[in-house]
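K.L.:
Please see the structure below; I have some questions.
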Amino acid sequence: MNKARMSSFYAIVLLLLGSLAVNQTIQADPVADYFSSLDNFQASFSQSVIDSGGEQIQNSSGEVWIQRPGRFRWSYQKPYSQLIVADGKQLWTYDEDLEQATVKAIDEALSSTPAMLLSGFRPLSEVVFWAEDPGNDAYRWYRLTPKEADAAVEQVRIGFDNQGELALIEVQDDFENHTRISFSNVKRNIKLDAGLFELKLPEGTDIIGPDR
């Protein structure tokens, strides 16, 4: 998985799985209310990445499903198919074009910075600064800045629409790539099929990981 895509993946899991840390740290509405009541999340997304020179290096779209605690399915559908699936114990990445999958234990995959932000291993207050970030558009913005100097994700901004729904995430990584993720068709706290969080691989897939 490329650097820009992994940074975006980390940012999304930080926001949608880090419920306990967020609730303990953030007292301002609408953030506290939104995340304290969030059990699961489903949405379509579009993602663009602009490099440090201002050139667009990625434009992709797909769907995401998240079930607390520790389960998610991050499905890239365009321009090519790729899946990131966590089943509560293992983190899988499957590239359909390469017919290849990688697998790691979740605690190994998400144990280092910036993944520490994502998993709730440590309280959010230990690893980021958080503040409202007024903008000049229709969204209400909040900014997260990692405290770790060597964090791969330097900054995250989240935007809520006028209905109080999570609408945008912006990420700046340590290569100065800027990633923008827009959500649509958001559904919260609906019944999700448990099979979404099980990766069923085609016969013959090359699997890379411990003891493989």
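Convention: chains lettered A, B, ... in structure tokens order; per-chain residue numbering from 1; ligands numbered from 1 as shown.
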Report as JSON, numbers by chain all protein, DNA and RNA residues lying within 10 Å of region 63-70 of chain A, evaluated on only C-alpha atoms, omitting residues in the same chain fewer than 3 positions from it.
P.N.:
{"A": [12, 13, 16, 17, 18, 19, 38, 39, 40, 41, 42, 43, 44, 45, 46, 73, 74, 75, 76, 77, 83, 84, 85, 86, 87, 88, 89, 90, 91, 106, 118, 119, 120, 183, 184, 185, 186, 187, 188, 189, 190, 191, 192, 193, 194, 196, 197]}
K.L.:
Separation of CA of Ile158 (chain A) and CA of Arg143 (chain A), in Å?
P.N.:
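Computing the Euclidean distance for CA of Ile158 (chain A) and CA of Arg143 (chain A) yields 6.6 Å.
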K.L.:
Can you tell me, as a VMD selection string, what residues are no more than 6 Å from Asn177 (chain A) when counting only C-alpha atoms, ignoring any on the same chain fewer than 2 positions away?
P.N.:
chain A and resid 50 to 52 172 to 173 175
K.L.:
Please identify the strand (DSSP E) residues within region 33-206 of chain A (assignment by DSSP from backbone atoms) and present them as an MDAnalysis selection string.
P.N.:
chainID A and resid 40:50 56:67 71:78 82:87 90:95 100:105 128:132 140:146 153:160 166:173 178:188 206
K.L.:
Taking only C-alpha atoms into account, which of A:Ala138, A:Lys200, A:Gln56, A:Pro146 comes nearest Asn162 (chain A)?
P.N.:
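Of the candidates, the smallest distance to Asn162 (chain A) is held by A:Ala138.
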K.L.:
By how many Å are CA of Pro134 (chain A) and CA of Arg157 (chain A) apart?
P.N.:
10.8 Å
K.L.:
So that I can see what lies close to Phe160 (chain A), please list as a list in words the residues with an atom at most 8 Å from it, counting only C-alpha atoms and leaving out residues fewer than 3 positions away in the same chain.
P.N.:
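Here the answer would be Tyr139, Arg140, Trp141, Gln163, Gly164, Glu165, Leu166, Ala167 and Leu168 of chain A.
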K.L.:
Just the residues within 8 Å of Trp130 (chain A), please, counting only C-alpha atoms, with nothing from its chain fewer than 3 positions along; format it as a PDB file with C-alpha atoms, in the first residue's frame.
P.N.:
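result-v1.pdb written:
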ATOM      1  CA  ILE A  26     -13.001  16.281  23.630  1.00  0.00           C
ATOM      2  CA  TYR A 142     -11.459  20.521  14.019  1.00  0.00           C
ATOM      3  CA  ARG A 143      -7.699  19.998  13.864  1.00  0.00           C
ATOM      4  CA  LEU A 144      -5.597  17.165  15.327  1.00  0.00           C
ATOM      5  CA  THR A 145      -1.819  17.543  15.529  1.00  0.00           C
TER       6      THR A 145
END
K.L.:
Which distance in Å separates CA of Pro202 (chain A) and CA of Ile181 (chain A), to one decimal?
P.N.:
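CA of Pro202 (chain A) sits 29.4 Å away from CA of Ile181 (chain A).
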K.L.:
Using only C-alpha atoms, can you tell me which of A:Gly204, A:Asp161, A:Trp92, A:Arg180 comes closest to Gln58 (chain A)?
P.N.:
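Ranked by minimum distance to Gln58 (chain A), first place goes to A:Arg180.
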